[in-house]
2 protein chains.
Amino acid sequence: MTEAEFLDRLCALPLHPGAHALADDTATLAGLTITSDTLVEGVHFLPADPPGDVAWKLVATNLSDLAAKGALIEGILLNHPLTDQHWDAAFLDGLAEALAAFACPLIGGDTVSLPAGAPRVLTVTAFGRDAAAPRRSGARPGDALWVTGTIGDAAAGLAIAQGAAGPAALLARYRRPLPRLSEGRALAPHVHAMMDVSDGLLIDAARMAAASGLAVAIDLAAVPLSAELAAWRPDRLAAATAGDDYELLFAAPDGWMPPVAATCIGSFAAGQGLSLTEDGRPVALPARLGWQHG
Amino acid sequence: MTEAEFLDRLCALPLHPGAHALADDTATLAGLTITSDTLVEGVHFLPADPPGDVAWKLVATNLSDLAAKGALIEGILLNHPLTDQHWDAAFLDGLAEALAAFACPLIGGDTVSLPAGAPRVLTVTAFGRDAAAPRRSGARPGDALWVTGTIGDAAAGLAIAQGAAGPAALLARYRRPLPRLSEGRALAPHVHAMMDVSDGLLIDAARMAAASGLAVAIDLAAVPLSAELAAWRPDRLAAATAGDDYELLFAAPDGWMPPVAATCIGSFAAGQGLSLTEDGRPVALPARLGWQHG
């Protein structure tokens with residue numbers, strides 16, 4: 001069953017009001033903003049990835065969802081499979097670095113054993129507080145679509161991790177993503193809709209538009225690439241359909257200028273679906289807009 | 001690295017005050033009682049176990065931790081690996097039954113894909129509220145040690161699930177454990193210490209004693225067996241070192257009578273360690289007191 005089919009089935013179960021009908025990236029409970037992400041070896045990270053980077057990424061991907069709500073970080077739970085001594089020790093070192101970098105305390109979790117040779121499956125559940133919590137469904141007709149930072153670096157980093165030649169800066173974007181916590185905090189009270197870009201710019205923008213009941217048009221030429229990516233492979237369509245960016249995608253009134261570094265890449269209008277242009281010319285949508293599970 | 005070594009390393013990380021130094025079974029945050037348990041195929045459940053029973057057990061084991069705090073159920077997050085259509089559909093049916101049985105709404109979660117053939121790893125994070133929240137560390141010298149229900153049924157049920165002949169009632173205790181929610185709610189405001197029995201009566205009693213800085217003595221003859229288990233295999237030492245009971249183990253003042261059905265099986269005293277007797281005669285401790293990961 002696909003992720004969408006599974007979600008449809010979940011939506012038929014008794015849902016908590018704080019579940020927001022499972023249509024948002026975080027849940028709300030007792031004033032807390034809650035998110036939970038699982039990373040799977042061989043799916044979300046490579047068996048050869050340094051364990052400390054896996055720990056970092058596990059924390060960072062969860063905090064990225066809290067960043068998109070403008071939350072302050074309260075802490076995390078870690079569900080960890082005990083495997084070999086060296087992997088677990090290196091994982092703990094990276095975890096310590098991530099918790100220190102994001103001022104994020106550990107609240108609890110669980111440790112389990114795995115059958116020999118099983119891929120590692122790790123879960124972090126993250127808690128934030130005091131979030132303005134813009135939903136992904138709040139975009140309005142006429143809103144501009146913005147994104148922080150640069151897009152596509154992590155996908156290039158993945159190719160480099162898999163053996164391609166390329167700069168360390170791109171590899172670092174794949175292995176040690178930086179959740180946009182301060183940007184999210186500054187943006188959240190002012191934007192109409194916000195989410196993090198985790199599965200790909202195009203698919204995530206299409207999801208924001210669908211959740212908001214609107215059409216979205218993106219100017220591919222405006223998609224911001226880093227200098228490193230532009231030098232390595234300046235393919236904006238590849239960048240915009242790759243995952244793991246962990247930038248913030250947000251909708252704001254036309255003419256409003258965000259208080260953080262960001263790039264306007266498109267706009268919302270009545271209707272539905274995603275359309276692409278490049279310098280004013282229509283661009284056919286690629287078959288694959290981004291990453292989908294299942 | 002063993003679970004204990006890993007926990008020691010985690011304790012050196014920045015901890016949230018609500019983590020209770022990772023020495024308890026639940027965390028506390030914004031008035032919520034929080035627990036998270038991961039079940040692994042081939043470790044916590046059998047590949048041949050009906051998927052609906054796996055869903056039930058995943059929910060029930062988490063709610064059992066909340067029961068031991070006397071919490072009202074707020075809801076759960078589910079982190080689910082999408083695998084084959086039939087397994088996932090049957091899992092969802094069992095999940096629906098469990099959520100209805102325990103009046104437990106879904107709050108959110110995550111879905112991921114797994115590499116082909118990988119064992120399923122499923123996580124539920126459960127939230128409770130309004131908990132009196134006795135700690136496992138609160139037992140006092142002279143306290144009596146009590147346990148609800150009967151011990152060892154689930155281990156017999158596991159043997160039956162693996163092919164042994166035996167009654168359906170024991171199999172049901174393994175596959176569809178019932179968290180002691182109402183008992184926990186009635187007990188929590190009055191007891192000195194409480195925890196659920198998940199890894200085995202002896203190991204969990206030894207943990208309560210160690211956390212409380214006390215010695216605990218258990219009378220094996222008093223360990224309550226069900227009529228079904230007594231007829232199937234009346235081995236109290238096997239029962240007391242097996243896991244998956246999900247009964248409540250609690251310490252209360254000598255002479256106090258619990259308001260729910262429970263059996264007094266021992267007592268706490270100054271000192272340390274676990275000692276066993278049977279009808280007044282010392283019994284040597286078995287090499288293995290229960291289940292330990294890693």
# chains A, B, ... in the order shown; residues from 1 in each chain; ligands from 1

call {"tool": "residues_around", "arguments": {"residues": "Trp146 of chain A", "least_positions_apart": "4", "cutoff": "8 Å", "atoms": "only C-alpha atoms", "output": "list in words"}}
result
Leu249, Phe250, Ala251, Ala252, Ala262, Thr263, Cys264, Ile265 and Gly266 of chain A

call {"tool": "interface_residues", "arguments": {"of": "chain A", "to": "chain B", "cutoff": "7 Å", "atoms": "only C-alpha atoms", "output": "PyMOL selection string"}}
result
chain A and resi 1+3+13-16+18-19+22+27+30+36-38+40+42-43+75+79+82+84-85+96+105-115+118-119+121+293-294

call {"tool": "write_last_selection", "arguments": {"atoms": "N, CA, C and O atoms", "output": "compact mmCIF listing (two decimals), in the first residue's frame"}}
result
# COMPACT_ATOMS: atom_id res chain seq x y z
N MET A 1 0.86 -1.20 0.00
CA MET A 1 0.00 0.00 0.00
C MET A 1 0.89 1.25 0.00
O MET A 1 1.95 1.26 0.60
N GLU A 3 2.01 5.23 0.71
CA GLU A 3 1.91 6.09 1.89
C GLU A 3 0.56 6.82 1.91
O GLU A 3 -0.08 6.93 2.96
N LEU A 13 -9.48 6.16 11.39
CA LEU A 13 -9.39 5.75 12.80
C LEU A 13 -9.79 6.92 13.70
O LEU A 13 -9.87 8.06 13.24
N PRO A 14 -10.04 6.64 15.00
CA PRO A 14 -10.31 7.77 15.90
C PRO A 14 -9.08 8.67 15.99
O PRO A 14 -7.99 8.21 16.34
N LEU A 15 -9.25 9.93 15.62
CA LEU A 15 -8.13 10.87 15.62
C LEU A 15 -8.27 11.87 16.76
O LEU A 15 -9.37 12.31 17.10
N HIS A 16 -7.14 12.23 17.32
CA HIS A 16 -7.09 13.27 18.34
C HIS A 16 -7.28 14.63 17.67
O HIS A 16 -6.80 14.82 16.54
N GLY A 18 -5.66 17.21 18.16
CA GLY A 18 -4.31 17.71 17.89
C GLY A 18 -3.63 17.04 16.73
O GLY A 18 -2.51 17.41 16.36
N ALA A 19 -4.29 16.03 16.14
CA ALA A 19 -3.73 15.36 14.96
C ALA A 19 -3.93 16.20 13.70
O ALA A 19 -3.33 15.92 12.67
N LEU A 22 -4.36 14.55 10.48
CA LEU A 22 -3.13 13.98 9.88
C LEU A 22 -2.74 14.72 8.60
O LEU A 22 -2.04 14.16 7.74
N ALA A 27 1.90 17.49 15.18
CA ALA A 27 0.69 17.40 15.99
C ALA A 27 0.79 18.41 17.13
O ALA A 27 1.86 18.96 17.39
N ALA A 30 -1.24 19.69 24.47
CA ALA A 30 -0.87 20.38 25.71
C ALA A 30 0.11 21.53 25.44
O ALA A 30 1.07 21.73 26.19
N SER A 36 7.54 13.29 14.62
CA SER A 36 8.30 12.05 14.77
C SER A 36 8.74 11.58 13.39
O SER A 36 7.93 11.48 12.48
N ASP A 37 10.03 11.34 13.23
CA ASP A 37 10.58 10.88 11.95
C ASP A 37 11.43 9.66 12.18
O ASP A 37 12.24 9.61 13.12
N THR A 38 11.25 8.69 11.31
CA THR A 38 12.03 7.47 11.34
C THR A 38 13.00 7.47 10.17
O THR A 38 12.62 7.81 9.05
N VAL A 40 15.65 4.97 8.01
CA VAL A 40 15.93 3.56 7.74
C VAL A 40 17.23 3.43 6.95
O VAL A 40 17.41 4.10 5.92
N GLY A 42 19.66 2.21 4.35
CA GLY A 42 19.40 1.72 2.99
C GLY A 42 18.26 2.45 2.31
O GLY A 42 18.03 2.25 1.12
N VAL A 43 17.52 3.26 3.09
CA VAL A 43 16.43 4.07 2.50
C VAL A 43 16.74 5.55 2.70
O VAL A 43 16.84 6.30 1.74
N GLY A 75 12.89 19.27 23.35
CA GLY A 75 13.74 18.09 23.50
C GLY A 75 13.27 16.96 22.62
O GLY A 75 12.31 17.11 21.86
N ASN A 79 14.53 6.40 19.85
CA ASN A 79 14.33 4.94 19.82
C ASN A 79 15.45 4.34 19.01
O ASN A 79 15.51 4.53 17.78
N LEU A 82 20.25 -1.30 19.27
CA LEU A 82 21.64 -1.61 19.63
C LEU A 82 22.21 -2.57 18.60
O LEU A 82 21.63 -3.63 18.34
N ASP A 84 26.37 -2.85 16.62
CA ASP A 84 27.73 -3.12 17.09
C ASP A 84 28.28 -1.92 17.86
O ASP A 84 27.89 -0.78 17.65
N GLN A 85 29.17 -2.26 18.75
CA GLN A 85 29.79 -1.34 19.71
C GLN A 85 30.32 -0.06 19.03
O GLN A 85 30.06 1.05 19.49
N ALA A 96 25.61 13.57 20.54
CA ALA A 96 26.05 14.60 21.50
C ALA A 96 26.32 15.92 20.77
O ALA A 96 25.94 17.00 21.26
N PRO A 105 17.78 19.02 24.65
CA PRO A 105 18.01 17.94 25.61
C PRO A 105 17.29 16.65 25.22
O PRO A 105 16.31 16.66 24.48
N LEU A 106 17.78 15.56 25.77
CA LEU A 106 17.15 14.24 25.59
C LEU A 106 16.08 14.08 26.68
O LEU A 106 16.31 14.38 27.85
N ILE A 107 14.92 13.59 26.25
CA ILE A 107 13.80 13.42 27.20
C ILE A 107 13.58 11.95 27.55
O ILE A 107 13.07 11.62 28.62
N GLY A 108 13.95 11.04 26.64
CA GLY A 108 13.72 9.62 26.89
C GLY A 108 13.79 8.85 25.60
O GLY A 108 14.41 9.29 24.64
N GLY A 109 13.14 7.68 25.59
CA GLY A 109 13.12 6.86 24.39
C GLY A 109 13.12 5.39 24.72
O GLY A 109 12.59 4.97 25.74
N ASP A 110 13.74 4.61 23.83
CA ASP A 110 13.75 3.16 24.00
C ASP A 110 14.98 2.61 23.29
O ASP A 110 15.48 3.21 22.33
N THR A 111 15.52 1.51 23.80
CA THR A 111 16.57 0.79 23.08
C THR A 111 16.08 -0.63 22.86
O THR A 111 15.44 -1.22 23.72
N VAL A 112 16.38 -1.15 21.67
CA VAL A 112 15.96 -2.52 21.33
C VAL A 112 17.13 -3.22 20.66
O VAL A 112 18.10 -2.58 20.24
N SER A 113 17.04 -4.53 20.55
CA SER A 113 18.00 -5.26 19.72
C SER A 113 17.35 -5.59 18.39
O SER A 113 16.13 -5.53 18.25
N LEU A 114 18.19 -5.88 17.40
CA LEU A 114 17.73 -6.22 16.05
C LEU A 114 18.21 -7.63 15.70
O LEU A 114 19.26 -8.05 16.18
N PRO A 115 17.49 -8.33 14.85
CA PRO A 115 18.05 -9.58 14.32
C PRO A 115 19.37 -9.28 13.60
O PRO A 115 19.54 -8.19 13.05
N ALA A 118 20.03 -7.07 10.22
CA ALA A 118 18.87 -6.26 9.85
C ALA A 118 19.28 -4.80 9.68
O ALA A 118 20.14 -4.30 10.41
N PRO A 119 18.68 -4.11 8.69
CA PRO A 119 18.99 -2.68 8.57
C PRO A 119 18.52 -1.92 9.82
O PRO A 119 17.49 -2.23 10.39
N VAL A 121 16.85 0.84 12.02
CA VAL A 121 15.68 1.72 11.92
C VAL A 121 15.68 2.56 13.18
O VAL A 121 15.60 2.02 14.29
N HIS A 293 7.24 7.57 -0.41
CA HIS A 293 7.42 6.24 0.18
C HIS A 293 6.34 5.28 -0.29
O HIS A 293 5.23 5.67 -0.58
N GLY A 294 6.69 4.01 -0.29
CA GLY A 294 5.67 2.96 -0.46
C GLY A 294 5.37 2.70 -1.93
O GLY A 294 5.91 3.33 -2.81

call {"tool": "select_by_dssp", "arguments": {"residues": "segment 46-128 of chain B", "states": "strand (DSSP E)", "output": "number ranges by chain"}}
result
B: 72-82, 106-113, 121-128

call {"tool": "residues_around", "arguments": {"residues": "segment 54-59 of chain A", "least_positions_apart": "6", "cutoff": "6 Å", "atoms": "only C-alpha atoms", "output": "list of chain:residue names"}}
result
A:Phe91, A:Gly94, A:Leu95, A:Ala98, A:Arg176

call {"tool": "write_last_selection", "arguments": {"atoms": "N, CA, C and O atoms", "output": "short mmCIF file (atom, residue, chain, number, x, y, z; two decimals), in the first residue's frame"}}
result
data_model
loop_
_atom_site.label_atom_id
_atom_site.label_comp_id
_atom_site.auth_asym_id
_atom_site.auth_seq_id
_atom_site.Cartn_x
_atom_site.Cartn_y
_atom_site.Cartn_z
N PHE A 91 27.71 6.77 16.83
CA PHE A 91 26.38 7.38 16.78
C PHE A 91 26.19 8.32 17.98
O PHE A 91 25.71 9.45 17.84
N GLY A 94 27.97 11.61 17.57
CA GLY A 94 27.25 12.53 16.69
C GLY A 94 25.98 13.06 17.35
O GLY A 94 25.62 14.23 17.17
N LEU A 95 25.33 12.20 18.12
CA LEU A 95 24.14 12.65 18.85
C LEU A 95 24.50 13.76 19.84
O LEU A 95 23.79 14.78 19.93
N ALA A 98 24.98 16.96 17.94
CA ALA A 98 23.71 17.54 17.46
C ALA A 98 22.93 18.16 18.62
O ALA A 98 22.41 19.28 18.50
N ARG A 176 24.99 16.54 7.19
CA ARG A 176 24.76 17.34 8.40
C ARG A 176 23.82 18.51 8.09
O ARG A 176 24.22 19.68 8.17
#

call {"tool": "atom_distance", "arguments": {"atom1": "atom CA of Ile218 of chain B", "atom2": "atom CA of Thr33 of chain B"}}
result
29.7 Å

call {"tool": "residues_around", "arguments": {"residues": "Leu63 of chain B", "least_positions_apart": "2", "cutoff": "8 Å", "atoms": "only C-alpha atoms", "output": "list in words"}}
result
Val59, Ala60, Thr61, Asp65, Leu66, Ala67, Ile73, Ala126, Pro179 and Leu181 of chain B

call {"tool": "atom_distance", "arguments": {"atom1": "atom CA of Arg207 of chain B", "atom2": "atom CA of Phe268 of chain B"}}
result
12.3 Å

call {"tool": "atom_distance", "arguments": {"atom1": "atom CA of Ala270 of chain A", "atom2": "atom CA of Ala211 of chain A"}}
result
12.7 Å

call {"tool": "select_by_dssp", "arguments": {"residues": "segment 22-241 of chain A", "states": "alpha helix (DSSP H)", "output": "compact mmCIF listing (two decimals) with N, CA and C atoms, in the first residue's frame"}}
result
# COMPACT_ATOMS: atom_id res chain seq x y z
N PRO A 51 28.24 6.93 11.31
CA PRO A 51 27.15 6.85 12.29
C PRO A 51 26.86 8.19 12.98
N GLY A 52 27.92 8.99 13.19
CA GLY A 52 27.70 10.29 13.83
C GLY A 52 26.87 11.20 12.95
N ASP A 53 27.04 11.08 11.63
CA ASP A 53 26.23 11.88 10.70
C ASP A 53 24.78 11.38 10.68
N VAL A 54 24.59 10.07 10.84
CA VAL A 54 23.23 9.54 10.91
C VAL A 54 22.51 10.11 12.12
N ALA A 55 23.21 10.15 13.25
CA ALA A 55 22.62 10.72 14.47
C ALA A 55 22.25 12.18 14.25
N TRP A 56 23.18 12.91 13.65
CA TRP A 56 22.95 14.33 13.38
C TRP A 56 21.70 14.51 12.52
N LYS A 57 21.64 13.72 11.44
CA LYS A 57 20.54 13.86 10.49
C LYS A 57 19.20 13.48 11.12
N LEU A 58 19.22 12.47 11.97
CA LEU A 58 18.01 12.03 12.65
C LEU A 58 17.45 13.16 13.52
N VAL A 59 18.33 13.82 14.24
CA VAL A 59 17.89 14.95 15.07
C VAL A 59 17.47 16.12 14.18
N ALA A 60 18.31 16.42 13.19
CA ALA A 60 18.08 17.62 12.36
C ALA A 60 16.78 17.53 11.56
N THR A 61 16.46 16.34 11.04
CA THR A 61 15.25 16.23 10.23
C THR A 61 14.01 16.45 11.09
N ASN A 62 14.06 15.98 12.32
CA ASN A 62 12.93 16.22 13.22
C ASN A 62 12.83 17.70 13.60
N LEU A 63 13.96 18.30 13.92
CA LEU A 63 13.92 19.71 14.34
C LEU A 63 13.51 20.59 13.17
N SER A 64 13.77 20.14 11.95
CA SER A 64 13.35 20.90 10.77
C SER A 64 11.82 21.04 10.72
N ASP A 65 11.11 19.99 11.12
CA ASP A 65 9.65 20.09 11.18
C ASP A 65 9.20 21.10 12.25
N LEU A 66 9.93 21.14 13.35
CA LEU A 66 9.60 22.13 14.39
C LEU A 66 9.96 23.54 13.92
N ALA A 67 11.06 23.65 13.16
CA ALA A 67 11.46 24.95 12.61
C ALA A 67 10.34 25.52 11.74
N GLN A 85 29.17 -2.26 18.75
CA GLN A 85 29.79 -1.34 19.71
C GLN A 85 30.32 -0.06 19.03
N HIS A 86 31.03 -0.25 17.92
CA HIS A 86 31.69 0.90 17.29
C HIS A 86 30.66 1.81 16.65
N TRP A 87 29.68 1.20 15.98
CA TRP A 87 28.64 2.01 15.33
C TRP A 87 27.88 2.81 16.39
N ASP A 88 27.48 2.10 17.45
CA ASP A 88 26.68 2.78 18.49
C ASP A 88 27.49 3.88 19.18
N ALA A 89 28.77 3.63 19.41
CA ALA A 89 29.59 4.65 20.07
C ALA A 89 29.75 5.89 19.18
N ALA A 90 29.98 5.66 17.89
CA ALA A 90 30.13 6.79 16.97
C ALA A 90 28.79 7.53 16.81
N PHE A 91 27.71 6.77 16.83
CA PHE A 91 26.38 7.38 16.78
C PHE A 91 26.19 8.32 17.98
N LEU A 92 26.56 7.83 19.16
CA LEU A 92 26.40 8.64 20.38
C LEU A 92 27.24 9.91 20.31
N ASP A 93 28.42 9.83 19.72
CA ASP A 93 29.25 11.03 19.56
C ASP A 93 28.54 12.06 18.69
N GLY A 94 27.97 11.61 17.57
CA GLY A 94 27.25 12.53 16.69
C GLY A 94 25.98 13.06 17.35
N LEU A 95 25.33 12.20 18.12
CA LEU A 95 24.14 12.65 18.85
C LEU A 95 24.50 13.76 19.84
N ALA A 96 25.61 13.57 20.54
CA ALA A 96 26.05 14.60 21.50
C ALA A 96 26.32 15.92 20.77
N GLU A 97 26.95 15.84 19.60
CA GLU A 97 27.22 17.07 18.83
C GLU A 97 25.93 17.76 18.40
N ALA A 98 24.98 16.96 17.94
CA ALA A 98 23.71 17.54 17.46
C ALA A 98 22.93 18.16 18.62
N LEU A 99 22.86 17.46 19.74
CA LEU A 99 22.09 18.00 20.87
C LEU A 99 22.72 19.30 21.37
N ALA A 100 24.05 19.34 21.35
CA ALA A 100 24.73 20.57 21.78
C ALA A 100 24.49 21.68 20.76
N ALA A 101 24.59 21.36 19.47
CA ALA A 101 24.46 22.38 18.43
C ALA A 101 23.06 23.00 18.44
N ASP A 153 21.46 20.86 -2.90
CA ASP A 153 22.81 20.55 -2.41
C ASP A 153 22.88 19.15 -1.82
N ALA A 154 21.84 18.76 -1.06
CA ALA A 154 21.89 17.47 -0.37
C ALA A 154 21.89 16.32 -1.36
N ALA A 155 21.12 16.47 -2.45
CA ALA A 155 21.09 15.40 -3.46
C ALA A 155 22.45 15.25 -4.13
N ALA A 156 23.09 16.38 -4.38
CA ALA A 156 24.46 16.32 -4.91
C ALA A 156 25.37 15.64 -3.89
N GLY A 157 25.16 15.98 -2.61
CA GLY A 157 25.96 15.37 -1.55
C GLY A 157 25.76 13.87 -1.48
N LEU A 158 24.53 13.43 -1.73
CA LEU A 158 24.25 11.99 -1.75
C LEU A 158 25.03 11.32 -2.88
N ALA A 159 25.03 11.95 -4.07
CA ALA A 159 25.79 11.40 -5.19
C ALA A 159 27.27 11.33 -4.85
N ILE A 160 27.75 12.35 -4.15
CA ILE A 160 29.17 12.37 -3.76
C ILE A 160 29.44 11.26 -2.73
N ALA A 161 28.47 11.09 -1.78
CA ALA A 161 28.63 10.01 -0.79
C ALA A 161 28.66 8.65 -1.47
N ALA A 168 33.31 19.03 -0.66
CA ALA A 168 32.92 18.63 0.69
C ALA A 168 31.69 19.41 1.18
N ALA A 169 31.53 20.64 0.69
CA ALA A 169 30.41 21.46 1.16
C ALA A 169 29.08 20.81 0.79
N LEU A 170 29.01 20.20 -0.41
CA LEU A 170 27.77 19.55 -0.82
C LEU A 170 27.54 18.27 -0.02
N LEU A 171 28.62 17.52 0.22
CA LEU A 171 28.51 16.32 1.03
C LEU A 171 28.00 16.67 2.44
N ALA A 172 28.48 17.77 2.96
CA ALA A 172 28.05 18.19 4.30
C ALA A 172 26.56 18.53 4.34
N ARG A 173 26.05 19.09 3.24
CA ARG A 173 24.61 19.41 3.20
C ARG A 173 23.77 18.14 3.28
N TYR A 174 24.30 17.03 2.71
CA TYR A 174 23.60 15.75 2.79
C TYR A 174 23.74 15.14 4.18
N ARG A 175 24.94 15.20 4.73
CA ARG A 175 25.20 14.46 5.97
C ARG A 175 24.87 15.24 7.23
N LEU A 181 16.04 26.82 12.28
CA LEU A 181 15.30 27.11 13.51
C LEU A 181 15.08 28.61 13.71
N SER A 182 16.13 29.41 13.57
CA SER A 182 15.94 30.85 13.82
C SER A 182 15.11 31.47 12.72
N GLU A 183 15.29 31.01 11.47
CA GLU A 183 14.48 31.53 10.36
C GLU A 183 13.00 31.19 10.59
N GLY A 184 12.74 29.96 11.00
CA GLY A 184 11.36 29.55 11.24
C GLY A 184 10.71 30.37 12.34
N ARG A 185 11.51 30.62 13.38
CA ARG A 185 11.01 31.41 14.51
C ARG A 185 10.64 32.83 14.04
N ALA A 186 11.48 33.40 13.17
CA ALA A 186 11.23 34.77 12.68
C ALA A 186 10.07 34.81 11.70
N LEU A 187 9.90 33.75 10.91
CA LEU A 187 8.88 33.76 9.87
C LEU A 187 7.49 33.37 10.38
N LEU A 201 11.55 20.02 -3.60
CA LEU A 201 10.88 21.32 -3.67
C LEU A 201 9.56 21.23 -4.42
N LEU A 202 9.56 20.57 -5.58
CA LEU A 202 8.33 20.54 -6.39
C LEU A 202 7.22 19.76 -5.68
N ILE A 203 7.54 18.57 -5.17
CA ILE A 203 6.48 17.77 -4.54
C ILE A 203 5.98 18.46 -3.28
N ASP A 204 6.87 19.10 -2.54
CA ASP A 204 6.43 19.75 -1.31
C ASP A 204 5.62 21.01 -1.61
N ALA A 205 6.00 21.75 -2.65
CA ALA A 205 5.19 22.90 -3.05
C ALA A 205 3.81 22.45 -3.54
N ALA A 206 3.79 21.36 -4.31
CA ALA A 206 2.51 20.83 -4.78
C ALA A 206 1.63 20.41 -3.61
N ARG A 207 2.26 19.84 -2.57
CA ARG A 207 1.50 19.45 -1.37
C ARG A 207 0.94 20.66 -0.64
N MET A 208 1.74 21.72 -0.54
CA MET A 208 1.24 22.94 0.11
C MET A 208 0.05 23.50 -0.67
N ALA A 209 0.17 23.51 -1.99
CA ALA A 209 -0.93 24.02 -2.83
C ALA A 209 -2.18 23.15 -2.67
N ALA A 210 -2.00 21.84 -2.71
CA ALA A 210 -3.14 20.94 -2.57
C ALA A 210 -3.80 21.11 -1.21
N ALA A 211 -2.98 21.20 -0.16
CA ALA A 211 -3.55 21.36 1.19
C ALA A 211 -4.29 22.69 1.32
N SER A 212 -3.85 23.68 0.56
CA SER A 212 -4.47 25.01 0.62
C SER A 212 -5.61 25.16 -0.38
N ALA A 227 26.51 28.27 -4.89
CA ALA A 227 27.63 28.42 -5.82
C ALA A 227 28.28 27.06 -6.07
N GLU A 228 28.36 26.23 -5.02
CA GLU A 228 28.99 24.90 -5.16
C GLU A 228 28.19 24.02 -6.12
N LEU A 229 26.85 24.06 -5.98
CA LEU A 229 26.03 23.22 -6.85
C LEU A 229 26.04 23.75 -8.28
N ALA A 230 25.98 25.08 -8.41
CA ALA A 230 26.00 25.68 -9.75
C ALA A 230 27.28 25.29 -10.49
N ALA A 231 28.37 25.16 -9.74
CA ALA A 231 29.64 24.76 -10.36
C ALA A 231 29.67 23.26 -10.63
N TRP A 232 28.97 22.49 -9.80
CA TRP A 232 29.05 21.02 -9.88
C TRP A 232 28.09 20.48 -10.94
N ARG A 236 18.58 22.84 -12.52
CA ARG A 236 17.58 23.28 -11.55
C ARG A 236 16.42 22.30 -11.41
N LEU A 237 16.07 21.60 -12.49
CA LEU A 237 14.98 20.64 -12.40
C LEU A 237 15.39 19.45 -11.52
N ALA A 238 16.61 18.99 -11.69
CA ALA A 238 17.11 17.91 -10.82
C ALA A 238 17.12 18.37 -9.36
N ALA A 239 17.59 19.60 -9.14
CA ALA A 239 17.66 20.12 -7.77
C ALA A 239 16.26 20.20 -7.14
N ALA A 240 15.29 20.63 -7.96
CA ALA A 240 13.95 20.90 -7.43
C ALA A 240 13.14 19.63 -7.22

call {"tool": "residues_around", "arguments": {"residues": "Glu278 of chain B", "least_positions_apart": "4", "cutoff": "9 Å", "atoms": "only C-alpha atoms", "output": "list in words"}}
result
Ile218, Asp219, Leu220, Ala221, Ala222, Pro282 and Val283 of chain B

call {"tool": "closest_residue", "arguments": {"among": "A:Thr150, A:Gly128, A:Pro177, A:Ala71", "to": "Ala261 of chain A", "atoms": "only C-alpha atoms"}}
result
A:Thr150
